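> First the structure, which I've put down as structure tokens, then a few questions once you've had a look.
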Amino acid sequence: MGSLRADFERFIGDNKPLTMIFSHPPFAKQIGELIVLPLVVLVTIMAQPRLNYTMAIDGVLPAVLSKVDEEGNLKAGTKIAGVIMIAIATLIPFSYLDDLISSGILIAFTITDMSVILVRQTSPLDNPCLLERMLAAFLVVSLLSGFLLRSWLSLETTGEGVRFMTLLSCASTLFVGNRIRTDCPSKRSLMGELYNDAPDEGLFLTPFVPILPLCGCFVNLYLISQLEPIGLAMISGYVGLAIGAHFYNLHQRK
């Protein structure tokens with residue numbers, strides 16, 4: 001069991017929650033974790049071919065992933081997904097996968113926060129696309145602020161230039177966020193101006209919009225900025241693949 005623990009700790013690196021499982025008796029916890037972890041991973045990946053199938057039907061992924069055999073099974077999609085997952089599990093250390101998964105979830109939360117703002121707010125009539133431009137600028141300055149804050153807090157002695165850039169970036173983040181709040185009206189109020197009796201169909205009430213979603217975006221991007229360079233490179237590649245899939249979908253629809 002000692003050798004198994006050592007091999008497991010080398011595999012997952014410094015992931016404290018998992019290494020703690022092997023730190024205390026009884027052995028039932030250790031054996032149970034060895035049984036449960038593979039089952040959780042198996043259940044998680046079982047749905048991947050069907051998810052790829054749905055995305056291929058929508059044109060986001062290549063059509064080969066949507067091929068079904070005579071018995072209704074996704075043999076081609078299952079083999080492709082299995083090979084990719086085996087390659088990832090074999091070649092990429094668990095600590096890097098941990099960073100990739102965590103940052104992917106943070107990006108999903110950021111997209112959700114932006115979606116709430118886009119659903120509830122809109123650009124003014126005299127300045128179309130202002131909201132979209134402001135959101136893009138807010139994401140850029142928030143991520144930059146995260147990197148600068150990391151540099152400021154991680155160094156024992158920080159230069160005046162880093163401090164000035166950090167304060168300037170944080171101030172820019174607040175400025176852009178305030179412009180979104182003041183210059184981009186809510187759809188409900190804008191509809192009330194256009195139509196004396198604004199209809200409420202299709203709208204839902206969300207508290208503290210856009211302040212709360214903007215705060216969520218900033219926190220998510222700050223956490224992403226704390227990743228190591230290899231983690232940042234992996235999540236950048238992941239986002240690049242997603243963007244590539246989007247343009248592939250647009251090309252397929254033409």
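Going by the structure tokens order, chains are called A, B, ..., each with residues numbered from 1, while ligands are numbered from 1 in the order shown.
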Residues near Ala233 (chain A), anyone? I mean within 10 Å using only C-alpha atoms, not counting same-chain ones fewer than 6 positions away, as JSON, numbers by chain.

{"A": [100, 227, 239]}

> For the structure I just gave you, how does DSSP split region 19-155 of chain A - specifically, which residues are helix (DSSP H, G or I)? Reply as a ChimeraX atom specification.

/A:19-22,27-46,48-57,63-66,75-91,94-120,130-154

> Just the residues within 6 Å of region 136-151 of chain A, please, counting only C-alpha atoms, with nothing from its chain fewer than 5 positions along; format it as a count of residues only.

9

> Skipping near chain neighbours, those fewer than 5 positions away, what residues fall within 12 Å of region 178-183 of chain A using only C-alpha atoms, listed as an mmCIF file with C-alpha atoms, in the first residue's frame?


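Listed below is the output, result16.cif:
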data_model
loop_
_atom_site.group_PDB
_atom_site.id
_atom_site.type_symbol
_atom_site.label_atom_id
_atom_site.label_comp_id
_atom_site.auth_asym_id
_atom_site.auth_seq_id
_atom_site.Cartn_x
_atom_site.Cartn_y
_atom_site.Cartn_z
ATOM 1 C CA MET A 114 -21.658 37.934 -19.739
ATOM 2 C CA ILE A 117 -25.601 41.129 -18.997
ATOM 3 C CA LEU A 118 -26.327 40.690 -22.710
ATOM 4 C CA ARG A 120 -30.652 42.212 -19.486
ATOM 5 C CA GLN A 121 -28.714 45.187 -20.924
ATOM 6 C CA THR A 122 -28.469 46.627 -24.415
ATOM 7 C CA SER A 123 -26.564 49.283 -26.345
ATOM 8 C CA PRO A 124 -28.059 52.777 -26.622
ATOM 9 C CA LEU A 125 -29.873 53.568 -29.840
ATOM 10 C CA ASP A 126 -27.334 56.185 -30.884
ATOM 11 C CA ASN A 127 -24.327 53.885 -30.304
ATOM 12 C CA PRO A 128 -24.947 50.334 -31.512
ATOM 13 C CA CYS A 129 -22.618 47.557 -30.287
ATOM 14 C CA LEU A 130 -21.401 49.718 -27.391
ATOM 15 C CA LEU A 131 -22.290 47.013 -24.876
ATOM 16 C CA GLU A 132 -20.376 44.320 -26.766
ATOM 17 C CA ARG A 133 -17.301 46.555 -27.096
ATOM 18 C CA MET A 134 -17.414 47.502 -23.432
ATOM 19 C CA LEU A 135 -17.722 43.871 -22.359
ATOM 20 C CA ALA A 136 -14.729 42.896 -24.499
ATOM 21 C CA ALA A 137 -12.705 45.764 -23.029
ATOM 22 C CA PHE A 138 -13.766 44.801 -19.504
ATOM 23 C CA ALA A 171 -8.915 51.849 -12.329
ATOM 24 C CA SER A 172 -9.546 51.098 -16.010
ATOM 25 C CA THR A 173 -11.541 48.020 -14.990
ATOM 26 C CA LEU A 190 -35.357 51.028 -23.210
ATOM 27 C CA PHE A 208 -27.752 43.832 -9.138
ATOM 28 C CA VAL A 209 -27.269 43.655 -12.909
ATOM 29 C CA PRO A 210 -24.752 44.457 -14.305
ATOM 30 C CA ILE A 211 -22.694 44.956 -11.126
ATOM 31 C CA LEU A 212 -22.895 41.396 -9.808
ATOM 32 C CA PRO A 213 -22.101 39.678 -13.153
ATOM 33 C CA LEU A 214 -19.197 42.078 -13.740
ATOM 34 C CA CYS A 215 -17.790 41.257 -10.308
#

> A:Lys75, A:His246, A:Lys187, A:Lys67: which is nearest Val116 (chain A), counting only C-alpha atoms?

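Among the listed residues, the smallest separation from Val116 (chain A) belongs to A:Lys187.
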
> Name the residues in contact with Leu250 (chain A) at a cut-off of 12 Å, using only C-alpha atoms, excluding same-chain residues fewer than 3 positions from it; report them as a PyMOL selection string.

chain A and resi 58-61+243-247+253-254

> Quick one: write out the picked residues with all heavy atoms as a CSV table (one decimal), in the first residue's frame?


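Result saved to again39.csv:
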chain,number,residue,atom,x,y,z
A,58,ASP,N,-25.2,19.6,-35.1
A,58,ASP,CA,-25.4,21.0,-35.2
A,58,ASP,C,-24.4,21.7,-36.1
A,58,ASP,O,-24.5,22.9,-36.4
A,58,ASP,CB,-25.3,21.7,-33.8
A,58,ASP,CG,-26.5,21.3,-33.0
A,58,ASP,OD1,-27.6,20.9,-33.5
A,58,ASP,OD2,-26.4,21.4,-31.7
A,59,GLY,N,-23.4,20.9,-36.5
A,59,GLY,CA,-22.3,21.4,-37.4
A,59,GLY,C,-21.1,22.0,-36.7
A,59,GLY,O,-20.2,22.5,-37.4
A,60,VAL,N,-21.1,21.9,-35.4
A,60,VAL,CA,-19.9,22.4,-34.6
A,60,VAL,C,-18.7,21.5,-34.8
A,60,VAL,O,-17.6,22.0,-34.8
A,60,VAL,CB,-20.3,22.6,-33.2
A,60,VAL,CG1,-19.2,23.2,-32.4
A,60,VAL,CG2,-21.5,23.6,-33.1
A,61,LEU,N,-18.9,20.2,-34.8
A,61,LEU,CA,-17.8,19.2,-34.9
A,61,LEU,C,-18.0,18.5,-36.3
A,61,LEU,O,-19.0,18.5,-36.9
A,61,LEU,CB,-17.9,18.2,-33.8
A,61,LEU,CG,-17.6,18.8,-32.4
A,61,LEU,CD1,-17.7,17.7,-31.3
A,61,LEU,CD2,-16.2,19.5,-32.3
A,243,ILE,N,-12.9,28.4,-30.5
A,243,ILE,CA,-13.1,29.4,-31.5
A,243,ILE,C,-13.0,28.8,-32.9
A,243,ILE,O,-13.8,29.1,-33.8
A,243,ILE,CB,-12.0,30.5,-31.3
A,243,ILE,CG1,-12.3,31.3,-30.0
A,243,ILE,CG2,-12.1,31.5,-32.5
A,243,ILE,CD1,-11.2,32.3,-29.7
A,244,GLY,N,-12.0,27.9,-33.1
A,244,GLY,CA,-11.9,27.2,-34.4
A,244,GLY,C,-13.1,26.4,-34.7
A,244,GLY,O,-13.6,26.4,-35.9
A,245,ALA,N,-13.7,25.7,-33.7
A,245,ALA,CA,-14.9,25.0,-33.9
A,245,ALA,C,-16.1,25.9,-34.3
A,245,ALA,O,-16.9,25.6,-35.2
A,245,ALA,CB,-15.3,24.2,-32.7
A,246,HIS,N,-16.1,27.1,-33.7
A,246,HIS,CA,-17.2,28.1,-34.1
A,246,HIS,C,-17.1,28.5,-35.5
A,246,HIS,O,-18.1,28.5,-36.2
A,246,HIS,CB,-17.1,29.3,-33.1
A,246,HIS,CG,-18.0,30.4,-33.5
A,246,HIS,ND1,-19.3,30.4,-33.3
A,246,HIS,CD2,-17.7,31.6,-34.0
A,246,HIS,CE1,-19.9,31.5,-33.8
A,246,HIS,NE2,-18.9,32.3,-34.2
A,247,PHE,N,-15.8,28.8,-36.0
A,247,PHE,CA,-15.7,29.3,-37.3
A,247,PHE,C,-15.9,28.1,-38.3
A,247,PHE,O,-16.4,28.3,-39.4
A,247,PHE,CB,-14.3,29.9,-37.5
A,247,PHE,CG,-14.2,31.3,-37.0
A,247,PHE,CD1,-13.5,31.5,-35.8
A,247,PHE,CD2,-14.8,32.3,-37.7
A,247,PHE,CE1,-13.4,32.8,-35.3
A,247,PHE,CE2,-14.7,33.6,-37.2
A,247,PHE,CZ,-14.0,33.9,-36.0
A,253,ARG,N,-22.1,26.1,-42.5
A,253,ARG,CA,-23.5,26.6,-42.7
A,253,ARG,C,-23.6,27.4,-44.0
A,253,ARG,O,-24.7,27.7,-44.4
A,253,ARG,CB,-24.0,27.4,-41.5
A,253,ARG,CG,-24.2,26.5,-40.3
A,253,ARG,CD,-24.6,27.4,-39.1
A,253,ARG,NE,-24.7,26.6,-37.9
A,253,ARG,CZ,-25.9,26.0,-37.5
A,253,ARG,NH1,-26.9,26.1,-38.3
A,253,ARG,NH2,-25.9,25.3,-36.4
A,254,LYS,N,-22.5,27.8,-44.6
A,254,LYS,CA,-22.6,28.6,-45.8
A,254,LYS,C,-22.9,27.8,-47.0
A,254,LYS,O,-22.6,26.6,-47.1
A,254,LYS,CB,-21.2,29.3,-46.0
A,254,LYS,CG,-20.9,30.4,-45.0
A,254,LYS,CD,-19.6,31.1,-45.3
A,254,LYS,CE,-19.3,32.2,-44.3
A,254,LYS,NZ,-18.0,32.9,-44.6

> Using only C-alpha atoms, determine which residues lie at most 12 Å from Glu228 (chain A), disregarding the query and same-chain residues fewer than 6 positions distant; provide the list as a list in words.

Ser95, Tyr96, Asp98, Asp99, Leu100, Ser103, Phe147, Arg150, Met234 and Ile235 of chain A
